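Enquirer: File follows, protein-v1.txt with compact mmCIF, C-alpha atoms:
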# COMPACT_ATOMS: atom_id res chain seq x y z
CA MET A 1 42.54 42.93 88.28
CA GLY A 2 41.67 46.31 89.76
CA PHE A 3 41.39 47.12 93.43
CA PHE A 4 41.86 44.73 96.29
CA VAL A 5 40.68 44.03 99.77
CA GLY A 6 43.16 43.00 102.45
CA SER A 7 46.62 41.71 101.60
CA LEU A 8 48.24 41.56 98.18
CA PHE A 9 50.17 38.39 98.94
CA ASN A 10 48.09 36.24 96.60
CA MET A 11 47.01 38.89 94.13
CA GLU A 12 48.58 40.39 91.05
CA ILE A 13 50.13 43.79 91.61
CA HIS A 14 49.06 46.69 89.40
CA PHE A 15 51.33 49.70 89.67
CA SER A 16 50.36 53.35 89.65
CA PHE A 17 53.20 55.89 89.60
CA ILE A 18 52.41 58.95 91.71
CA ILE A 19 54.33 62.10 90.76
CA PRO A 20 53.63 65.54 92.26
CA VAL A 21 55.10 68.44 90.29
CA TYR A 22 55.53 72.11 91.03
CA ASN A 23 56.80 74.44 88.28
CA ARG A 24 59.11 71.82 86.76
CA PRO A 25 57.94 70.88 83.25
CA ASN A 26 61.51 70.20 82.06
CA GLU A 27 61.98 67.60 84.78
CA ILE A 28 58.70 65.89 83.91
CA GLN A 29 59.86 65.74 80.29
CA GLU A 30 63.01 63.84 81.23
CA LEU A 31 61.21 61.57 83.68
CA LEU A 32 58.52 60.60 81.17
CA GLU A 33 61.15 59.97 78.50
CA SER A 34 62.86 57.54 80.87
CA MET A 35 59.54 55.85 81.65
CA GLU A 36 58.79 55.50 77.94
CA ALA A 37 62.11 53.66 77.59
CA MET A 38 61.41 51.25 80.48
CA GLU A 39 61.40 47.56 79.66
CA TYR A 40 58.28 46.16 81.31
CA ALA A 41 55.66 43.99 79.65
CA LYS A 42 52.77 44.71 82.02
CA GLU A 43 50.55 47.78 81.98
CA TYR A 44 51.00 50.53 84.55
CA GLU A 45 49.46 53.91 85.22
CA ILE A 46 51.15 57.29 85.69
CA VAL A 47 49.37 59.84 87.89
CA ILE A 48 50.80 63.36 87.72
CA VAL A 49 49.50 65.94 90.18
CA GLU A 50 50.13 69.61 89.39
CA ASP A 51 50.46 71.20 92.82
CA GLY A 52 49.31 74.76 92.10
CA SER A 53 52.07 75.43 89.56
CA SER A 54 52.22 78.75 87.70
CA GLU A 55 54.34 77.01 85.02
CA THR A 56 52.42 73.83 84.32
CA SER A 57 53.53 70.58 82.70
CA GLU A 58 50.34 70.21 80.65
CA GLU A 59 51.95 70.77 77.24
CA VAL A 60 54.75 68.31 78.04
CA ILE A 61 52.27 65.67 79.18
CA LEU A 62 50.19 66.07 76.03
CA GLY A 63 53.24 65.01 74.06
CA PHE A 64 53.12 61.61 75.76
CA LYS A 65 49.36 61.00 75.65
CA ASP A 66 49.67 58.37 72.90
CA LYS A 67 52.78 56.75 74.39
CA LEU A 68 52.03 56.35 78.11
CA SER A 69 48.92 55.87 80.24
CA ILE A 70 48.85 59.20 82.11
CA SER A 71 46.21 60.67 84.39
CA TYR A 72 46.82 64.38 84.93
CA PHE A 73 45.28 66.43 87.73
CA LYS A 74 45.55 70.08 88.77
CA LYS A 75 44.94 71.34 92.29
CA PRO A 76 45.80 74.27 94.57
CA ASN A 77 49.24 74.29 96.19
CA THR A 78 49.06 72.17 99.36
CA GLY A 79 52.53 70.65 99.31
CA PRO A 80 54.03 67.40 97.98
CA GLY A 81 52.67 65.16 100.74
CA ASP A 82 49.05 66.15 100.24
CA SER A 83 49.53 66.04 96.46
CA ARG A 84 50.77 62.44 96.72
CA ASN A 85 47.73 61.59 98.84
CA TYR A 86 45.50 63.19 96.22
CA GLY A 87 47.20 61.20 93.47
CA MET A 88 46.87 57.93 95.36
CA SER A 89 43.18 58.60 96.00
CA LYS A 90 42.66 58.98 92.22
CA ALA A 91 44.91 56.10 91.13
CA LYS A 92 43.51 52.88 89.69
CA GLY A 93 46.31 50.53 90.75
CA ASN A 94 46.71 48.63 93.99
CA TYR A 95 50.37 49.49 94.55
CA PHE A 96 51.70 53.04 94.34
CA VAL A 97 55.23 53.94 93.27
CA ILE A 98 55.97 57.46 94.49
CA LEU A 99 58.61 59.52 92.71
CA ASP A 100 59.88 63.08 92.79
CA SER A 101 59.74 64.94 89.51
CA ASP A 102 63.53 65.38 89.45
CA VAL A 103 64.39 61.69 88.98
CA ILE A 104 65.21 59.61 85.92
CA LEU A 105 64.45 55.89 85.86
CA PRO A 106 66.73 53.14 84.55
CA LYS A 107 65.15 50.83 81.97
CA ASN A 108 64.85 47.96 84.46
CA TYR A 109 63.45 49.97 87.39
CA ILE A 110 59.89 48.68 87.60
CA SER A 111 60.97 45.14 86.64
CA LYS A 112 63.30 45.09 89.65
CA VAL A 113 60.50 46.31 91.91
CA ASP A 114 58.04 43.75 90.55
CA ASP A 115 60.55 40.93 90.88
CA PHE A 116 61.34 41.81 94.50
CA LEU A 117 57.72 42.17 95.60
CA SER A 118 56.71 38.91 93.92
CA LYS A 119 59.30 37.07 96.02
CA LYS A 120 59.15 39.04 99.28
CA PHE A 121 56.09 41.22 99.48
CA VAL A 122 56.12 44.29 101.70
CA HIS A 123 53.57 47.07 101.91
CA CYS A 124 56.20 49.79 101.72
CA PHE A 125 59.62 49.90 100.05
CA GLY A 126 62.33 52.37 99.23
CA GLY A 127 65.20 52.36 96.78
CA PRO A 128 68.59 54.07 96.49
CA ASP A 129 69.50 57.06 94.35
CA ASP A 130 72.56 57.93 92.32
CA ALA A 131 73.85 60.53 89.87
CA HIS A 132 73.35 59.93 86.15
CA GLU A 133 76.37 60.30 83.88
CA SER A 134 74.67 63.29 82.24
CA PHE A 135 74.41 65.24 85.51
CA SER A 136 76.64 68.25 86.16
CA ASN A 137 79.76 68.00 88.32
CA LEU A 138 77.95 69.94 91.06
CA GLN A 139 75.02 67.51 91.05
CA LYS A 140 77.41 64.56 91.22
CA ALA A 141 79.29 66.13 94.15
CA ILE A 142 76.04 66.71 96.02
CA SER A 143 74.91 63.17 95.24
CA TYR A 144 78.17 61.79 96.64
CA SER A 145 77.79 63.88 99.79
CA MET A 146 74.21 62.67 100.33
CA THR A 147 74.80 58.97 99.64
CA SER A 148 78.37 58.15 100.71
CA TYR A 149 79.13 55.86 103.65
CA LEU A 150 81.54 58.58 104.81
CA THR A 151 78.73 61.08 105.31
CA THR A 152 75.28 59.55 105.76
CA GLY A 153 76.50 56.03 106.49
CA GLY A 154 74.39 54.54 103.71
CA ILE A 155 71.06 55.29 105.38
CA ARG A 156 69.62 56.55 102.09
CA GLY A 157 69.84 53.19 100.40
CA ARG A 158 73.44 52.06 99.87
CA LYS A 159 73.25 49.25 102.44
CA ASN A 160 72.00 45.82 101.47
CA THR A 161 71.41 44.74 105.05
CA MET A 162 69.63 47.24 107.24
CA GLY A 163 67.29 47.05 110.17
CA LYS A 164 64.18 49.11 109.69
CA PHE A 165 64.73 51.02 106.48
CA GLN A 166 63.09 54.44 106.15
CA PRO A 167 62.09 54.94 102.50
CA ARG A 168 62.37 58.42 101.01
CA SER A 169 59.58 59.79 98.85
CA PHE A 170 61.81 60.46 95.83
CA ASN A 171 61.79 56.65 95.37
CA MET A 172 59.15 54.93 97.48
CA GLY A 173 56.46 52.29 97.13
CA LEU A 174 53.24 51.99 99.14
CA SER A 175 50.39 49.51 98.85
CA LYS A 176 46.85 50.83 98.66
CA GLU A 177 46.06 48.92 101.83
CA ALA A 178 48.84 50.68 103.75
CA PHE A 179 47.81 54.05 102.29
CA LEU A 180 44.22 53.64 103.44
CA ALA A 181 45.27 52.39 106.88
CA SER A 182 47.75 55.21 107.49
CA GLU A 183 45.87 57.96 105.61
CA GLY A 184 49.07 58.74 103.77
CA PHE A 185 51.48 61.62 104.20
CA GLY A 186 51.14 64.38 106.77
CA ASN A 187 51.42 68.12 106.10
CA ILE A 188 55.04 68.59 107.17
CA HIS A 189 57.68 69.06 104.45
CA PRO A 190 60.35 67.86 104.36
CA GLY A 191 60.03 64.97 106.79
CA GLU A 192 56.69 63.66 105.56
CA ASP A 193 58.26 60.40 104.38
CA PRO A 194 59.96 59.28 107.65
CA ASP A 195 56.83 60.38 109.53
CA LEU A 196 54.69 58.12 107.34
CA THR A 197 57.16 55.25 107.68
CA ILE A 198 57.16 55.44 111.47
CA ARG A 199 53.36 55.49 111.53
CA LEU A 200 53.31 52.45 109.23
CA TRP A 201 55.56 50.59 111.67
CA GLY A 202 53.07 51.44 114.40
CA LEU A 203 50.37 49.78 112.28
CA ASN A 204 52.56 46.66 111.95
CA TYR A 205 53.45 47.20 108.30
CA GLU A 206 57.00 46.31 107.29
CA THR A 207 59.30 48.39 105.13
CA ALA A 208 62.17 47.18 102.99
CA LEU A 209 65.01 48.43 100.84
CA ILE A 210 65.09 47.21 97.23
CA PRO A 211 68.79 47.74 96.43
CA ASP A 212 68.34 47.22 92.69
CA ALA A 213 65.45 49.70 92.36
CA LYS A 214 67.74 52.67 91.81
CA VAL A 215 66.77 56.07 90.46
CA PHE A 216 68.96 58.88 89.19
CA HIS A 217 68.19 61.86 91.40
CA LYS A 218 69.09 65.38 90.32
CA ARG A 219 68.70 67.00 93.74
CA ARG A 220 69.49 70.72 94.04
CA ILE A 221 71.21 72.55 91.18
CA SER A 222 72.99 75.26 93.22
CA TRP A 223 74.90 75.45 96.49
CA LYS A 224 72.34 77.87 97.92
CA LYS A 225 69.40 75.57 97.17
CA PHE A 226 71.32 72.60 98.57
CA HIS A 227 71.99 74.48 101.81
CA THR A 228 68.32 75.42 102.11
CA GLN A 229 67.31 71.80 101.62
CA VAL A 230 69.67 70.25 104.17
CA ASN A 231 68.92 73.02 106.66
CA LYS A 232 65.25 72.06 106.49
CA PHE A 233 66.22 68.41 107.00
CA GLY A 234 67.94 69.48 110.21
CA LEU A 235 64.97 71.54 111.36
CA VAL A 236 62.57 68.65 110.80
CA ARG A 237 64.41 65.91 112.68
CA PRO A 238 63.83 67.21 116.28
CA ILE A 239 60.16 67.64 115.37
CA LEU A 240 59.97 64.01 114.27
CA ASN A 241 61.79 62.98 117.44
CA ARG A 242 59.19 64.82 119.49
CA TRP A 243 56.33 63.17 117.62
CA HIS A 244 57.97 59.74 117.71
CA PRO A 245 60.38 59.76 120.69
CA HIS A 246 61.08 56.02 120.45
CA THR A 247 62.84 56.59 117.11
CA ALA A 248 65.33 59.22 118.32
CA LYS A 249 68.96 58.20 117.74
CA LEU A 250 72.35 59.58 118.68
CA THR A 251 73.34 59.50 115.01
CA TYR A 252 70.97 62.39 114.30
CA TRP A 253 73.34 64.56 116.35
CA PHE A 254 76.40 63.73 114.23
CA PRO A 255 76.25 66.72 111.83
CA SER A 256 75.88 69.11 114.76
CA MET A 257 78.70 67.37 116.62
CA PHE A 258 80.85 67.55 113.49
CA LEU A 259 80.15 71.28 113.24
CA LEU A 260 81.15 71.84 116.87
CA TYR A 261 84.26 69.69 116.41
CA THR A 262 85.26 71.76 113.37
CA ILE A 263 84.97 75.00 115.37
CA PHE A 264 86.95 73.44 118.23
CA SER A 265 89.66 72.25 115.81
CA ILE A 266 90.12 75.73 114.37
CA ILE A 267 90.30 77.31 117.82
CA SER A 268 92.79 74.65 118.94
CA VAL A 269 95.29 75.84 116.33
CA PHE A 270 95.76 79.06 118.28
CA PHE A 271 96.99 76.92 121.18
CA ASP A 272 99.32 74.95 118.93
CA TRP A 273 97.05 71.88 119.10
CA TRP A 274 97.17 70.73 115.48
CA TYR A 275 96.10 67.17 116.17
CA PHE A 276 92.35 67.84 115.96
CA LEU A 277 92.66 69.78 112.70
CA ALA A 278 94.82 66.99 111.27
CA ILE A 279 92.03 64.47 111.92
CA LEU A 280 89.61 66.79 110.15
CA GLY A 281 92.00 67.10 107.22
CA ALA A 282 92.34 63.33 107.00
CA TYR A 283 88.55 62.97 106.87
CA PHE A 284 88.23 65.47 104.03
CA GLY A 285 91.10 63.73 102.30
CA LEU A 286 89.02 60.56 102.31
CA ILE A 287 86.07 62.49 100.90
CA PHE A 288 88.25 63.93 98.14
CA PHE A 289 89.86 60.65 97.13
CA GLY A 290 86.61 58.71 97.46
CA ALA A 291 84.67 61.07 95.17
CA THR A 292 87.57 61.48 92.74
CA ILE A 293 87.99 57.74 92.34
CA PHE A 294 84.25 57.07 92.15
CA TYR A 295 83.64 59.65 89.41
CA LYS A 296 87.18 59.65 87.97
CA ASN A 297 87.14 63.45 88.20
CA ILE A 298 89.33 65.65 90.45
CA THR A 299 86.94 68.60 90.15
CA ILE A 300 84.10 66.52 91.60
CA GLY A 301 86.46 65.41 94.38
CA ILE A 302 87.09 69.04 95.33
CA GLN A 303 83.41 69.98 95.04
CA SER A 304 82.47 67.00 97.21
CA ILE A 305 84.42 68.52 100.10
CA LEU A 306 82.40 71.72 99.76
CA ALA A 307 79.18 69.69 99.49
CA VAL A 308 79.96 67.85 102.74
CA LEU A 309 80.75 71.13 104.51
CA ILE A 310 77.46 72.66 103.36
CA GLN A 311 75.54 69.49 104.22
CA PHE A 312 76.87 69.24 107.76
CA TYR A 313 76.70 72.99 108.39
CA GLY A 314 73.16 73.31 107.03
CA TYR A 315 71.79 70.21 108.76
CA GLY A 316 73.75 70.78 111.96
CA THR A 317 72.65 74.38 112.49
CA GLY A 318 69.07 73.51 111.58
CA PHE A 319 69.03 70.61 114.03
CA LEU A 320 70.44 72.68 116.92
CA LYS A 321 68.01 75.52 116.27
CA SER A 322 65.02 73.19 116.12
CA TYR A 323 66.14 71.22 119.17
CA TYR A 324 66.43 74.45 121.16
CA TYR A 325 62.91 75.62 120.32
CA ILE A 326 61.09 72.28 120.20
CA HIS A 327 62.73 70.28 122.99
CA LEU A 328 64.12 72.89 125.35
CA LEU A 329 61.56 75.69 125.03
CA LYS A 330 58.73 73.23 124.23
CA ARG A 331 57.38 75.34 121.39
CA VAL A 332 54.61 74.05 119.13
CA PRO A 333 56.28 72.97 115.84
CA GLU A 334 53.47 74.23 113.61
CA LYS A 335 53.72 77.70 115.19
CA GLN A 336 57.50 77.93 115.57
CA PHE A 337 58.34 76.71 112.05
CA LYS A 338 55.30 77.63 109.97
CA ALA A 339 57.24 77.35 106.70
CA LEU A 340 57.65 73.60 107.24
CA PHE A 341 53.91 72.96 107.24
CA PHE A 342 51.31 73.11 104.48
CA SER A 343 47.62 73.71 105.00
CA LYS A 344 45.44 71.03 103.42
Take the structure I supplied and represent it as structure tokens, if you would.

Expert:
Amino acid sequence: MGFFVGSLFNMEIHFSFIIPVYNRPNEIQELLESMEAMEYAKEYEIVIVEDGSSETSEEVILGFKDKLSISYFKKPNTGPGDSRNYGMSKAKGNYFVILDSDVILPKNYISKVDDFLSKKFVHCFGGPDDAHESFSNLQKAISYSMTSYLTTGGIRGRKNTMGKFQPRSFNMGLSKEAFLASEGFGNIHPGEDPDLTIRLWGLNYETALIPDAKVFHKRRISWKKFHTQVNKFGLVRPILNRWHPHTAKLTYWFPSMFLLYTIFSIISVFFDWWYFLAILGAYFGLIFFGATIFYKNITIGIQSILAVLIQFYGYGTGFLKSYYYIHLLKRVPEKQFKALFFSK
């Protein structure tokens, strides 16, 4: 029981959920309701860290004080990474399950995690995300864009057999041992989760995907917010490649290449070269039919095309901009893109 020294291989795991929140009491309400409904016989702890919110979740959390074991902390706004570190430093468990506040858990979530780790222990895991049936059509379209093989190639958790899987902090597990060894998340956001994963690999800790440990992830609730999010993803990747050059891959260029191909295809029409645009049309046809069939909804199929366009445009332009400043002009990331970094 309690804390541990060294490996957890021969010790019982005690989970602490770590959830940073910033001005989202309604999301915490839904997340805690789903946790209350979880089917799991063992005790676990929930650590919620209010990251300098002006609209706190305190009243919501009080409604669950007799139903769930919750530790609630308030602190100045230092970003989600530092807030997760703060939560892990206060947690009582020896294995941390890190969630974003905008997720909902299936009833069997923690049972699936426990079952996997008891058979094949790893110090860090990640799980896939999906859209809940209650989500809006827009949220489902964005979810399809972010998780489909046709867009991200399954890197966010839809593959059962992957090499080195990079967990994402909306659904991530980390042992206390690995947290102490790595000192947790850095101050970049987004991008703090792949940065931590790469540093864990350098410390000889393995990561794994738990395919059955799925969460329902709301993501952004407007096209504008979605564009802002994916644009930041694009800005962050060249920075991570500079910090960890051995992890750079050609696939990170795909959204930018897609964007350039789209521009080329449109220009080609003026020269009566329709072939390139036809290929583009066929691709979007696959997106439309794939999303329509998956959700049994034509509207979502149409919106998925727009979601893919925004995703590739936002990420692609962000990546090219960041690559120009960070790799070609050799600018200091923290000075060039101050908005991506939090002060601890």

Enquirer: Which residue out of A:Glu334, A:Asp193, A:Asp82, A:Asp272 has the minimum interatomic distance to Glu50 (chain A) when all atoms listed in the file are used?

Expert: A:Asp82

Enquirer: So, with all atoms listed in the file as the atoms that count, which of A:Gly173, A:Gly126, A:Gly63, A:Gly79 lies closest to Pro25 (chain A)?

Expert: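 Nearest to Pro25 (chain A): A:Gly63.
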
Enquirer: Once 6 Å is added on each side, what centre and edge lengths in Å to one decimal does the axis-aligned box around all listed atoms of region 266-281 of chain A have, as AutoDock Vina command-line options?

Expert:
--center_x 94.5 --center_y 71.8 --center_z 114.2 --size_x 21.7 --size_y 26.6 --size_z 26.0

Enquirer: Quick one: distance from CA of Leu180 (chain A) to CA of Lys92 (chain A) in Å, one decimal?

Expert: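 Answer for the CA of Leu180 (chain A) to CA of Lys92 (chain A) separation: 13.8 Å.
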
Enquirer: Report, in Å with one decimal, the straight-line distance from CA of Ile198 (chain A) to CA of Thr247 (chain A).

Expert: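 Going from CA of Ile198 (chain A) over to CA of Thr247 (chain A) covers 8.1 Å.
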
Enquirer: Using all atoms listed in the file, find all polymer residues with an atom at most 12 Å away from the point (59.1, 62.6, 109.9); report them as number ranges by chain.

Expert: A: 81, 166-169, 185-200, 232-245, 247-248, 340-341

Enquirer: Name all residues at most 8 Å from Pro80 (chain A) (count only C-alpha atoms; drop same-chain ones fewer than 2 positions away) and give them as a list of chain:residue names.

Expert: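 After dropping sequence-adjacent residues, the list is A:Pro20, A:Val21, A:Asp51, A:Thr78, A:Asp82, A:Ser83, A:Arg84, A:His189.
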
Enquirer: What is the distance between CA of Phe294 (chain A) and CA of His217 (chain A), in Å to one decimal?

Expert: 16.8 Å

Enquirer: Kindly provide, as a PyMOL selection string, the polymer residues lying within 12 Å of (63.0, 44.8, 89.7), counting all atoms listed in the file and using the coordinates exactly as they appear in the file.

Expert: chain A and resi 38-40+105-120+127+209-215

Enquirer: Choose the residue, out of A:Lys296, A:Lys67, A:Arg219, A:Lys74, that has the smallest atom-to-atom separation from Ile142 (chain A); count only C-alpha atoms.

Expert: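 Nearest to Ile142 (chain A): A:Arg219.
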